[in-house]
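Undergrad: Attaching a single structure in structure tokens format; questions to follow.
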Amino acid sequence: MIKFDGVSKRYADGTVAVDDLTLEIPTGQITVLVGPSGCGKTTTLRMINRLIEPTSGTITIDGEDIRSQDPARLRRGIGYVIQHAGLFPHRTIVDNVATVPYLLGWDKKKARATAMELLERVGLDPKMAKRYPYQLSGGQQQRVGVARALAADPPVMLMDEPFSAVDPIVRSSLQDEFIRLQSDLRKTIAFVTHDIDEAVKLGHTVAVFKVGGVLAQHSTPDELLGHPADDFVKEFLGGDKGLKRLRFNRELDLRDEPGVGAAER
Amino acid sequence: MNVIAAADGEPLIRWDWIGDHTGQLADLTVHHLKLALLPILFGLVLAIPLGVMCVRWRWLYPPTLGVANVLYGVPSLAFFMLLIPYFGIGSGGKADFTIIVPMTLFSLSVLVPNVVDGLRSVPDPVRQAATAMGFGTLRRLIQVELPIAVPVVIAGARVATVASISLVSVGMLIGNGGLGQLFIDGYARDFTTPIIVSCVLIIALALVSDGVLVAAQRLLTPWARRRTR
């Protein structure tokens with residue numbers, strides 16, 4: 001579990017990005033952070049792997065303060081996926097995926113074998129392994145980005161609008177596969193998006209942020225859609241709530257199918 | 001031009017002279033390459049750390065570039081003269097540094113901006129992803145940023161190399177200009193063959209060196225093929 005306890009981030013110019021945030025991101029679940037731009041959702045995410053240091057408050061992962069570890073070492077244990085994939089243009093696909101295993105000093109053969117397995121797992125043809133990122137489509141690059149984040153099997157994954165830069169059809173299929181993948185892997189995932197539909201589709205719970213870094217509501221999608229905490233949330237959810245709820249219920253049925261392995265840690 | 005016009009009755013090129021001097025021509029060519037290319041090598045050794053520092057501490061870039069440009073503005077001959085007391089005059093040994101040192105400094109005005117541009121060409125998401133995956137600063141620089149900068153750095157090295165190959169000839173004025181020596185020789189004797197031969201060889205050297213760098217870039221950065229088009 002990732003736990004924020006009274007976390008704030010203030011910049012020197014007085015801007016408050018995150019304001020006294022207390023939030024729990026449960027183990028083995030997808031927690032979606034959603035809100036308009038400037039609401040501090042990305043700042044919140046980046047504080048988990050110390051790309052940004054909070055001004056006050058503490059963040060713990062499984063009870064351990066993240067400040068107790070060297071940042072680089074901490075980050076190798078946390079998967080990270082971003083909007084434009086951020087693949088290394090000078091490395092082949094297989095070497096991109098094997099990045100963290102290499103950093104951890106794995107044997108090259110083992111790192112590559114793991115990377116090949118992951119490519120298949122995220123639905124990529126193994127023939128692509130020797131290609132360079134520029135030879136792949138946006139959707140394919142994003143899959144590689146997910147595979148790269150999973151390579152060292154980190155218990156925690158941070159995803160910052162990973163599916164926002166691809167077209168709606170590709171996005172929808174990436175989301176579906178992501179749900180399928182997560183039902184196998186049961187990672188602890190913090191997922192940032194500005195798209196409420198995506199939040200409701202993917203999240204076990206959804207945390208809605210307001211501008212100024214204030215957490216407006218954190219609840220299950222059903223609860224969120226049925227009982228928005230205030231006018232801001234109500235407005236942010238938009239007009240087609242009923243439809244969203246209907247669709248969301250179907251996702252939930254798929255996701256909570258019995259027989260999918262229990263938490264792996 | 002005057003020389004060529006004044007060659008009354010004399011053919012523009014005497015092919016037998018070339019045949020008689022192949023040994024000397026080969027030596028001068030090798031020496032010319034040494035005088036032209038060592039400065040590029042030393043220039044890169046200086047420009048890479050300088051460029052890295054200029055990217056890291058932005059304020060450092062304008063003054064660094066300013067100094068490099070002022071150095072480039074110093075007439076080469078004056079620079080050579082300045083160094084004669086330290087390294088001596090003539091060709092070979094220590095005296096070569098009278099040429100190599102100024103040429104190295106000249107190369108910086110092209111190489112430093114290219115290292116800086118190369119490092120700045122690293123896309124932000126790539127740098128961010130590297131940090132987030134647990135690269136330390138130095139490791140990120142060596143394994144991610146510098147390799148991605150290679151195409152831009154090589155583009156700069158190509159310009160600097162061609163300029164260097166042509167500029168070395170000026171060294172003839174202090175008795176160490178590689179193939180440029182043949183200009184003086186031909187001029188002094190009112191004899192066009194060595195002048196034409198050295199011009200052709202210098203141009204050929206420039207073309208071949210440029211070709212080698214292009215080939216090196218293709219080998220080193222197969223991933224950049226689409227970008228450089």
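Chain identifiers are assigned as A, B, and so on, following the order in which chains appear in the structure tokens; residues are numbered from 1 within each chain, and ligands are numbered from 1 in order of appearance.
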List as an mmCIF file with N, CA and C atoms, in the first residue's frame the protein and nucleic acid residues near Leu51 of chain A, meaning an atom at most 12 Å away when only C-alpha atoms are counted, but skip any in the same chain fewer than 3 places from it.
TA:
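Output file out_25.cif is given in full below:
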```
data_model
loop_
_atom_site.group_PDB
_atom_site.id
_atom_site.type_symbol
_atom_site.label_atom_id
_atom_site.label_comp_id
_atom_site.auth_asym_id
_atom_site.auth_seq_id
_atom_site.Cartn_x
_atom_site.Cartn_y
_atom_site.Cartn_z
ATOM 1 N N THR A 42 -0.425 14.864 -11.416
ATOM 2 C CA THR A 42 0.884 14.386 -11.865
ATOM 3 C C THR A 42 1.955 14.642 -10.808
ATOM 4 N N THR A 43 1.859 15.800 -10.149
ATOM 5 C CA THR A 43 2.796 16.083 -9.050
ATOM 6 C C THR A 43 2.684 14.993 -7.986
ATOM 7 N N THR A 44 1.441 14.636 -7.661
ATOM 8 C CA THR A 44 1.216 13.592 -6.670
ATOM 9 C C THR A 44 1.897 12.294 -7.086
ATOM 10 N N LEU A 45 1.692 11.928 -8.348
ATOM 11 C CA LEU A 45 2.287 10.693 -8.861
ATOM 12 C C LEU A 45 3.812 10.744 -8.767
ATOM 13 N N ARG A 46 4.374 11.864 -9.187
ATOM 14 C CA ARG A 46 5.840 11.964 -9.238
ATOM 15 C C ARG A 46 6.493 12.063 -7.871
ATOM 16 N N MET A 47 5.672 12.351 -6.864
ATOM 17 C CA MET A 47 6.255 12.359 -5.526
ATOM 18 C C MET A 47 6.506 10.927 -5.038
ATOM 19 N N ILE A 48 5.743 9.970 -5.614
ATOM 20 C CA ILE A 48 5.894 8.588 -5.155
ATOM 21 C C ILE A 48 7.275 8.033 -5.494
ATOM 22 N N PRO A 54 8.192 16.267 -1.727
ATOM 23 C CA PRO A 54 7.146 17.070 -1.071
ATOM 24 C C PRO A 54 7.757 18.126 -0.148
ATOM 25 N N ILE A 66 9.546 6.575 1.930
ATOM 26 C CA ILE A 66 10.314 6.533 0.679
ATOM 27 C C ILE A 66 11.619 7.324 0.768
ATOM 28 N N ARG A 67 11.702 8.214 1.752
ATOM 29 C CA ARG A 67 12.938 8.999 1.877
ATOM 30 C C ARG A 67 14.081 8.186 2.485
ATOM 31 N N PRO A 71 17.206 7.569 -4.060
ATOM 32 C CA PRO A 71 16.169 7.742 -5.093
ATOM 33 C C PRO A 71 16.328 6.793 -6.285
ATOM 34 N N ALA A 72 17.553 6.634 -6.794
ATOM 35 C CA ALA A 72 17.742 5.792 -7.977
ATOM 36 C C ALA A 72 17.343 4.347 -7.668
ATOM 37 N N LEU A 74 15.258 3.331 -5.275
ATOM 38 C CA LEU A 74 13.805 3.316 -5.096
ATOM 39 C C LEU A 74 13.105 3.208 -6.455
ATOM 40 N N ARG A 75 13.581 4.022 -7.416
ATOM 41 C CA ARG A 75 12.922 4.080 -8.727
ATOM 42 C C ARG A 75 13.038 2.783 -9.499
ATOM 43 N N ILE A 78 10.095 0.648 -8.945
ATOM 44 C CA ILE A 78 8.782 1.206 -9.265
ATOM 45 C C ILE A 78 8.671 1.371 -10.775
ATOM 46 N N TYR A 80 7.369 2.738 -14.330
ATOM 47 C CA TYR A 80 6.932 4.086 -14.680
ATOM 48 C C TYR A 80 6.593 4.139 -16.159
ATOM 49 N N LEU A 158 3.636 3.289 -11.662
ATOM 50 C CA LEU A 158 3.084 4.630 -11.800
ATOM 51 C C LEU A 158 2.834 4.869 -13.279
ATOM 52 N N ARG B 127 14.450 11.799 -21.260
ATOM 53 C CA ARG B 127 15.276 12.127 -20.100
ATOM 54 C C ARG B 127 14.520 11.791 -18.815
ATOM 55 N N GLN B 128 13.230 12.159 -18.818
ATOM 56 C CA GLN B 128 12.409 11.922 -17.633
ATOM 57 C C GLN B 128 12.249 10.427 -17.359
ATOM 58 N N ALA B 129 12.004 9.664 -18.439
ATOM 59 C CA ALA B 129 11.843 8.221 -18.277
ATOM 60 C C ALA B 129 13.131 7.617 -17.719
ATOM 61 N N ALA B 130 14.281 8.084 -18.218
ATOM 62 C CA ALA B 130 15.554 7.543 -17.742
ATOM 63 C C ALA B 130 15.711 7.783 -16.243
ATOM 64 N N THR B 131 15.415 8.996 -15.815
ATOM 65 C CA THR B 131 15.518 9.309 -14.391
ATOM 66 C C THR B 131 14.562 8.439 -13.585
ATOM 67 N N ALA B 132 13.329 8.345 -14.076
ATOM 68 C CA ALA B 132 12.302 7.615 -13.329
ATOM 69 C C ALA B 132 12.596 6.119 -13.266
ATOM 70 N N MET B 133 13.405 5.618 -14.197
ATOM 71 C CA MET B 133 13.718 4.190 -14.136
ATOM 72 C C MET B 133 14.935 3.892 -13.289
ATOM 73 N N GLY B 134 15.570 4.958 -12.789
ATOM 74 C CA GLY B 134 16.643 4.735 -11.838
ATOM 75 C C GLY B 134 18.039 4.921 -12.394
ATOM 76 N N PHE B 135 18.178 5.708 -13.476
ATOM 77 C CA PHE B 135 19.522 6.088 -13.922
ATOM 78 C C PHE B 135 20.018 7.207 -13.010
#
```
Undergrad: Using only C-alpha atoms, tabulate the residues of chain B lying at most 12 Å from any atom of chain A, each with its closest atom pair and that distance in Å to one decimal, by chain and increasing residue number, as a tab-separated table.
TA:
```
residue	atom	partner	partner_atom	distance
B:Ser121	CA	A:Pro89	CA	11.5
B:Val122	CA	A:Pro89	CA	9.3
B:Pro123	CA	A:Gly86	CA	7.9
B:Asp124	CA	A:Gly86	CA	8.0
B:Pro125	CA	A:Gly86	CA	4.7
B:Val126	CA	A:Gly86	CA	4.3
B:Arg127	CA	A:Gly86	CA	7.8
B:Gln128	CA	A:Gly86	CA	7.7
B:Ala129	CA	A:Gly86	CA	5.8
B:Ala130	CA	A:Phe88	CA	8.3
B:Thr131	CA	A:Ala72	CA	7.6
B:Ala132	CA	A:Arg75	CA	5.8
B:Met133	CA	A:Arg76	CA	5.4
B:Gly134	CA	A:Ala72	CA	4.2
B:Phe135	CA	A:Ala72	CA	6.2
B:Gly136	CA	A:Ala72	CA	6.2
B:Thr137	CA	A:Ala72	CA	9.5
B:Leu138	CA	A:Ala72	CA	11.8
B:Arg139	CA	A:Leu103	CA	9.6
B:Arg140	CA	A:Leu103	CA	10.8
B:Gln143	CA	A:His90	CA	9.6
B:Val144	CA	A:Phe88	CA	7.3
B:Glu145	CA	A:Phe88	CA	9.6
B:Leu146	CA	A:His90	CA	10.4
B:Pro147	CA	A:His90	CA	7.1
B:Ile148	CA	A:His90	CA	6.4
B:Ala149	CA	A:His90	CA	10.0
B:Val150	CA	A:His90	CA	10.0
B:Pro151	CA	A:His90	CA	10.8
B:Leu220	CA	A:His90	CA	9.7
B:Thr221	CA	A:His90	CA	7.1
B:Pro222	CA	A:His90	CA	8.0
B:Trp223	CA	A:His90	CA	5.5
B:Ala224	CA	A:His90	CA	7.5
B:Arg225	CA	A:Tyr134	CA	9.4
B:Arg226	CA	A:Tyr134	CA	7.7
B:Arg227	CA	A:Tyr134	CA	8.8
```
Undergrad: Excluding segment 152-163 of chain B and any residue of its chain fewer than 4 positions from it, enumerate the residues within 7 Å of it, using only C-alpha atoms, and give them as a JSON list (two decimals) with N, CA and C atoms, in the first residue's frame.
TA:
```
[["chain", "number", "residue", "atom", "x", "y", "z"],
["B", 37, "LEU", "N", 43.57, 16.51, -38.33],
["B", 37, "LEU", "CA", 42.62, 15.67, -37.59],
["B", 37, "LEU", "C", 42.89, 15.59, -36.08],
["B", 40, "ILE", "N", 40.82, 18.02, -34.28],
["B", 40, "ILE", "CA", 39.40, 17.67, -34.16],
["B", 40, "ILE", "C", 39.22, 16.71, -32.98],
["B", 107, "SER", "N", 38.49, 24.74, -33.60],
["B", 107, "SER", "CA", 37.42, 23.75, -33.79],
["B", 107, "SER", "C", 36.32, 23.91, -32.74],
["B", 110, "VAL", "N", 32.84, 25.47, -33.45],
["B", 110, "VAL", "CA", 31.83, 24.63, -34.11],
["B", 110, "VAL", "C", 31.41, 23.48, -33.20],
["B", 111, "LEU", "N", 32.39, 22.87, -32.52],
["B", 111, "LEU", "CA", 32.09, 21.64, -31.78],
["B", 111, "LEU", "C", 31.27, 21.89, -30.51],
["B", 114, "ASN", "N", 27.61, 22.33, -31.15],
["B", 114, "ASN", "CA", 27.00, 21.08, -31.60],
["B", 114, "ASN", "C", 26.80, 20.08, -30.47],
["B", 115, "VAL", "N", 27.75, 20.05, -29.54],
["B", 115, "VAL", "CA", 27.55, 19.17, -28.37],
["B", 115, "VAL", "C", 26.34, 19.66, -27.58],
["B", 118, "GLY", "N", 23.22, 18.91, -29.49],
["B", 118, "GLY", "CA", 23.00, 17.45, -29.45],
["B", 118, "GLY", "C", 22.37, 17.03, -28.13],
["B", 167, "LEU", "N", 42.33, 24.72, -43.59],
["B", 167, "LEU", "CA", 43.04, 25.76, -42.85],
["B", 167, "LEU", "C", 44.49, 25.40, -42.55],
["B", 206, "ALA", "N", 39.55, 16.25, -47.94],
["B", 206, "ALA", "CA", 38.33, 16.76, -47.32],
["B", 206, "ALA", "C", 37.14, 15.87, -47.66],
["B", 210, "ASP", "N", 35.17, 13.48, -44.96],
["B", 210, "ASP", "CA", 33.75, 13.69, -44.77],
["B", 210, "ASP", "C", 32.99, 12.38, -45.00],
["B", 213, "LEU", "N", 33.32, 10.12, -42.05],
["B", 213, "LEU", "CA", 32.47, 10.52, -40.93],
["B", 213, "LEU", "C", 31.00, 10.16, -41.18],
["B", 217, "GLN", "N", 28.84, 7.67, -38.90],
["B", 217, "GLN", "CA", 27.56, 7.99, -38.29],
["B", 217, "GLN", "C", 26.50, 6.93, -38.59]]
```
Undergrad: So that I can see what lies close to Ile174 of chain B, please list as a PyMOL selection string the residues with an atom at most 8 Å from it, counting only C-alpha atoms and leaving out residues fewer than 4 positions away in the same chain.
TA: chain B and resi 80+89-90
Undergrad: For each of B:Pro49, B:Pro63, B:Gly88, B:Gly43, take the minimum atom-to-atom distance to Met103 of chain B, counting only C-alpha atoms, then give the residue where this is smallest.
TA: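 Nearest to Met103 of chain B: B:Gly43.
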Undergrad: So that I can check the secondary structure, give me every residue of segment 3-150 of chain B assigned helix (DSSP H, G or I) by backbone DSSP, as a ChimeraX atom specification.
TA: /B:3-6,15-20,22-56,58-73,76-87,93-120,124-132,137-150
Undergrad: Just give me the gap between atom CA of His204 of chain A and atom CA of Ile30 of chain A in Å, one decimal is fine.
TA: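 So the answer is 5.4 Å.
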Undergrad: As a ChimeraX atom specification, please: all residues of segment 17-233 of chain A that backbone DSSP puts in strand (DSSP E or B).
TA: /A:17-25,30-34,56-61,64-65,78-82,156-160,188-193,205-210,214-219
Undergrad: Keeping C-alpha atoms for every residue in the selection just given, could you write it to a file as a compact mmCIF listing (two decimals), in the first residue's frame?
TA:
```
# COMPACT_ATOMS: atom_id res chain seq x y z
CA ALA A 17 0.50 22.04 -6.36
CA VAL A 18 -0.68 19.57 -3.73
CA ASP A 19 -2.46 20.66 -0.58
CA ASP A 20 -2.36 18.52 2.57
CA LEU A 21 -3.08 15.25 0.81
CA THR A 22 -3.94 12.13 2.74
CA LEU A 23 -4.61 9.18 0.47
CA GLU A 24 -4.20 5.42 0.44
CA ILE A 25 -3.42 3.48 -2.70
CA ILE A 30 -5.61 0.38 -9.68
CA THR A 31 -6.11 3.78 -8.12
CA VAL A 32 -6.85 6.47 -10.67
CA LEU A 33 -5.95 10.09 -9.96
CA VAL A 34 -8.15 12.30 -12.11
CA SER A 56 5.81 18.55 3.98
CA GLY A 57 4.17 15.28 4.98
CA THR A 58 5.30 11.71 4.49
CA ILE A 59 4.80 9.07 1.83
CA THR A 60 5.25 5.42 2.69
CA ILE A 61 5.23 2.27 0.60
CA GLU A 64 8.50 2.29 4.71
CA ASP A 65 9.19 6.00 4.26
CA ILE A 78 8.78 1.21 -9.27
CA GLY A 79 7.54 0.83 -12.83
CA TYR A 80 6.93 4.09 -14.68
CA VAL A 81 4.94 4.66 -17.86
CA ILE A 82 4.43 8.09 -19.45
CA VAL A 156 4.31 -0.77 -7.77
CA MET A 157 3.57 0.94 -11.10
CA LEU A 158 3.08 4.63 -11.80
CA MET A 159 1.30 5.52 -15.02
CA ASP A 160 1.04 9.11 -16.19
CA THR A 188 -0.26 -1.69 -7.00
CA ILE A 189 -0.97 0.97 -9.59
CA ALA A 190 -1.33 4.73 -9.42
CA PHE A 191 -2.77 5.91 -12.73
CA VAL A 192 -3.09 9.55 -13.75
CA THR A 193 -5.55 10.73 -16.37
CA THR A 205 -11.02 3.47 -6.84
CA VAL A 206 -10.93 6.97 -8.29
CA ALA A 207 -9.44 10.02 -6.59
CA VAL A 208 -10.82 13.27 -8.00
CA PHE A 209 -8.59 16.35 -7.57
CA LYS A 210 -9.52 20.02 -7.76
CA VAL A 214 -7.13 19.42 -3.16
CA LEU A 215 -8.56 15.91 -3.05
CA ALA A 216 -12.28 16.29 -3.68
CA GLN A 217 -13.39 12.68 -3.42
CA HIS A 218 -11.82 9.24 -3.27
CA SER A 219 -14.19 6.35 -3.73
```
Undergrad: Gln181 of chain B: which residues within 9 Å, counting only C-alpha atoms, same-chain residues fewer than 3 positions away excluded, as a list of chain:residue names?
TA: B:Leu28, B:Ser169, B:Val170, B:Gly171, B:Met172, B:Leu173, B:Gly175, B:Asn176, B:Gly177, B:Gly178, B:Ile184, B:Asp185, B:Gly186, B:Ser198
Undergrad: With N, CA and C atoms retained, could you export that selection as a short mmCIF file (atom, residue, chain, number, x, y, z; two decimals), in the first residue's frame?
TA:
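And here is the file that came out, out_10.cif:
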```cif
data_model
loop_
_atom_site.label_atom_id
_atom_site.label_comp_id
_atom_site.auth_asym_id
_atom_site.auth_seq_id
_atom_site.Cartn_x
_atom_site.Cartn_y
_atom_site.Cartn_z
N LEU B 28 53.68 14.11 -47.12
CA LEU B 28 52.98 15.38 -46.85
C LEU B 28 51.49 15.15 -46.59
N SER B 169 46.73 24.41 -44.33
CA SER B 169 47.64 24.90 -45.37
C SER B 169 48.31 26.21 -45.00
N VAL B 170 47.60 27.05 -44.22
CA VAL B 170 48.16 28.35 -43.83
C VAL B 170 49.49 28.16 -43.09
N GLY B 171 49.63 27.03 -42.46
CA GLY B 171 50.87 26.73 -41.73
C GLY B 171 52.10 26.79 -42.61
N MET B 172 51.89 26.74 -43.92
CA MET B 172 53.04 26.82 -44.84
C MET B 172 53.84 28.09 -44.60
N LEU B 173 53.15 29.14 -44.13
CA LEU B 173 53.83 30.43 -43.93
C LEU B 173 54.87 30.36 -42.82
N GLY B 175 56.35 27.33 -42.36
CA GLY B 175 57.11 26.13 -42.70
C GLY B 175 56.50 24.83 -42.23
N ASN B 176 55.19 24.82 -41.95
CA ASN B 176 54.57 23.57 -41.51
C ASN B 176 53.11 23.56 -41.93
N GLY B 177 52.86 23.40 -43.19
CA GLY B 177 51.47 23.45 -43.65
C GLY B 177 51.02 22.19 -44.34
N GLY B 178 51.69 21.07 -44.07
CA GLY B 178 51.31 19.82 -44.73
C GLY B 178 51.42 19.99 -46.23
N ILE B 184 53.99 27.05 -51.52
CA ILE B 184 55.18 27.90 -51.41
C ILE B 184 56.23 27.45 -52.41
N ASP B 185 56.39 26.14 -52.42
CA ASP B 185 57.37 25.55 -53.32
C ASP B 185 57.08 25.95 -54.76
N GLY B 186 55.82 25.76 -55.17
CA GLY B 186 55.44 26.05 -56.55
C GLY B 186 55.50 27.54 -56.84
N SER B 198 48.68 19.87 -54.93
CA SER B 198 48.32 19.99 -53.51
C SER B 198 46.86 20.39 -53.36
#
```
Undergrad: So that I can see what lies close to Ala115 of chain A, please list as a PyMOL selection string the residues with an atom at most 12 Å from it, counting only C-alpha atoms and leaving out residues fewer than 5 positions away in the same chain.
TA: chain A and resi 92-102+106+108-110+120-122+124+126+128-130+144-153
Undergrad: Can I get the selected residues back with N, CA and C atoms, as a compact mmCIF listing (two decimals), in the first residue's frame?
TA:
```txt
# COMPACT_ATOMS: atom_id res chain seq x y z
N THR A 92 17.38 -0.80 -29.17
CA THR A 92 16.37 -1.64 -29.80
C THR A 92 15.23 -1.86 -28.81
N ILE A 93 14.11 -2.36 -29.33
CA ILE A 93 12.94 -2.59 -28.49
C ILE A 93 13.28 -3.52 -27.32
N VAL A 94 13.97 -4.63 -27.62
CA VAL A 94 14.26 -5.59 -26.55
C VAL A 94 15.16 -4.95 -25.50
N ASP A 95 16.11 -4.14 -25.92
CA ASP A 95 16.99 -3.48 -24.95
C ASP A 95 16.26 -2.39 -24.17
N ASN A 96 15.30 -1.74 -24.82
CA ASN A 96 14.46 -0.79 -24.09
C ASN A 96 13.73 -1.48 -22.95
N VAL A 97 13.14 -2.63 -23.28
CA VAL A 97 12.37 -3.34 -22.25
C VAL A 97 13.29 -3.82 -21.13
N ALA A 98 14.53 -4.18 -21.50
CA ALA A 98 15.45 -4.75 -20.50
C ALA A 98 16.18 -3.66 -19.70
N THR A 99 15.78 -2.40 -19.85
CA THR A 99 16.51 -1.30 -19.21
C THR A 99 16.73 -1.51 -17.70
N VAL A 100 15.63 -1.71 -16.97
CA VAL A 100 15.78 -1.80 -15.52
C VAL A 100 16.55 -3.07 -15.11
N PRO A 101 16.25 -4.23 -15.72
CA PRO A 101 17.11 -5.40 -15.42
C PRO A 101 18.60 -5.10 -15.64
N TYR A 102 18.95 -4.39 -16.71
CA TYR A 102 20.36 -4.03 -16.91
C TYR A 102 20.86 -3.17 -15.75
N TRP A 106 21.42 -7.49 -13.89
CA TRP A 106 21.12 -8.86 -14.30
C TRP A 106 22.07 -9.29 -15.40
N LYS A 108 22.98 -10.44 -18.97
CA LYS A 108 22.38 -9.90 -20.19
C LYS A 108 21.39 -10.88 -20.83
N LYS A 109 21.75 -12.16 -20.81
CA LYS A 109 20.91 -13.18 -21.42
C LYS A 109 19.56 -13.26 -20.72
N LYS A 110 19.64 -13.27 -19.40
CA LYS A 110 18.42 -13.38 -18.60
C LYS A 110 17.54 -12.14 -18.80
N GLU A 120 5.81 -10.34 -25.59
CA GLU A 120 4.69 -11.19 -25.98
C GLU A 120 3.48 -10.91 -25.08
N ARG A 121 3.78 -10.74 -23.82
CA ARG A 121 2.74 -10.52 -22.83
C ARG A 121 1.91 -9.25 -23.12
N VAL A 122 2.58 -8.21 -23.62
CA VAL A 122 1.84 -6.99 -23.94
C VAL A 122 1.32 -6.98 -25.38
N LEU A 124 2.96 -7.88 -28.39
CA LEU A 124 3.80 -7.47 -29.50
C LEU A 124 4.48 -8.68 -30.14
N PRO A 126 7.30 -10.88 -31.45
CA PRO A 126 8.72 -10.95 -31.08
C PRO A 126 9.65 -10.47 -32.19
N MET A 128 9.57 -7.79 -33.55
CA MET A 128 9.84 -6.36 -33.36
C MET A 128 11.02 -6.11 -32.43
N ALA A 129 11.47 -7.16 -31.76
CA ALA A 129 12.50 -6.99 -30.73
C ALA A 129 13.74 -6.25 -31.21
N LYS A 130 14.12 -6.53 -32.45
CA LYS A 130 15.37 -5.96 -32.97
C LYS A 130 15.17 -4.59 -33.62
N VAL A 144 5.35 -1.11 -25.60
CA VAL A 144 6.74 -1.30 -25.19
C VAL A 144 7.00 -0.57 -23.87
N GLY A 145 6.42 0.64 -23.77
CA GLY A 145 6.58 1.41 -22.53
C GLY A 145 6.04 0.63 -21.33
N VAL A 146 4.90 -0.03 -21.51
CA VAL A 146 4.33 -0.83 -20.41
C VAL A 146 5.23 -2.03 -20.12
N ALA A 147 5.70 -2.69 -21.18
CA ALA A 147 6.58 -3.85 -20.98
C ALA A 147 7.85 -3.43 -20.25
N ARG A 148 8.38 -2.26 -20.62
CA ARG A 148 9.61 -1.77 -19.98
C ARG A 148 9.39 -1.53 -18.49
N ALA A 149 8.21 -0.99 -18.16
CA ALA A 149 7.92 -0.72 -16.75
C ALA A 149 7.78 -2.01 -15.95
N LEU A 150 7.35 -3.08 -16.63
CA LEU A 150 7.10 -4.34 -15.93
C LEU A 150 8.34 -5.24 -15.83
N ALA A 151 9.41 -4.87 -16.55
CA ALA A 151 10.51 -5.80 -16.78
C ALA A 151 11.11 -6.40 -15.52
N ALA A 152 11.30 -5.59 -14.50
CA ALA A 152 11.93 -6.14 -13.29
C ALA A 152 10.87 -6.57 -12.28
N ASP A 153 9.64 -6.73 -12.75
CA ASP A 153 8.52 -7.17 -11.93
C ASP A 153 8.36 -6.34 -10.65
```
Undergrad: Which one of A:Lys41, A:Arg171, A:Lys127, A:Arg180 sits closest to His194 of chain A if you count only C-alpha atoms?
TA: A:Lys41
Undergrad: Enter the distance from atom CA of Gln140 of chain A to atom CA of Ser172 of chain A, in Å, rounded to one decimal.
TA: 13.6 Å
Undergrad: Enter the distance from atom CA of Gln142 of chain A to atom CA of Asp117 of chain B, in Å, rounded to one decimal.
TA: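 Separating atom CA of Gln142 of chain A from atom CA of Asp117 of chain B is a distance of 27.2 Å.
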Undergrad: Taking only C-alpha atoms into account, name the residue in B:Pro102, B:Pro75, B:Pro62, B:Pro194 that is nearest to Leu12 of chain B.
TA: B:Pro194
Undergrad: Which polymer residues have any atom within 12 Å of an atom of Pro228 of chain A, counting only C-alpha atoms, with same-chain residues fewer than 2 positions away left out, as a PyMOL selection string?
TA: chain A and resi 206-208+216-226+230-238+241
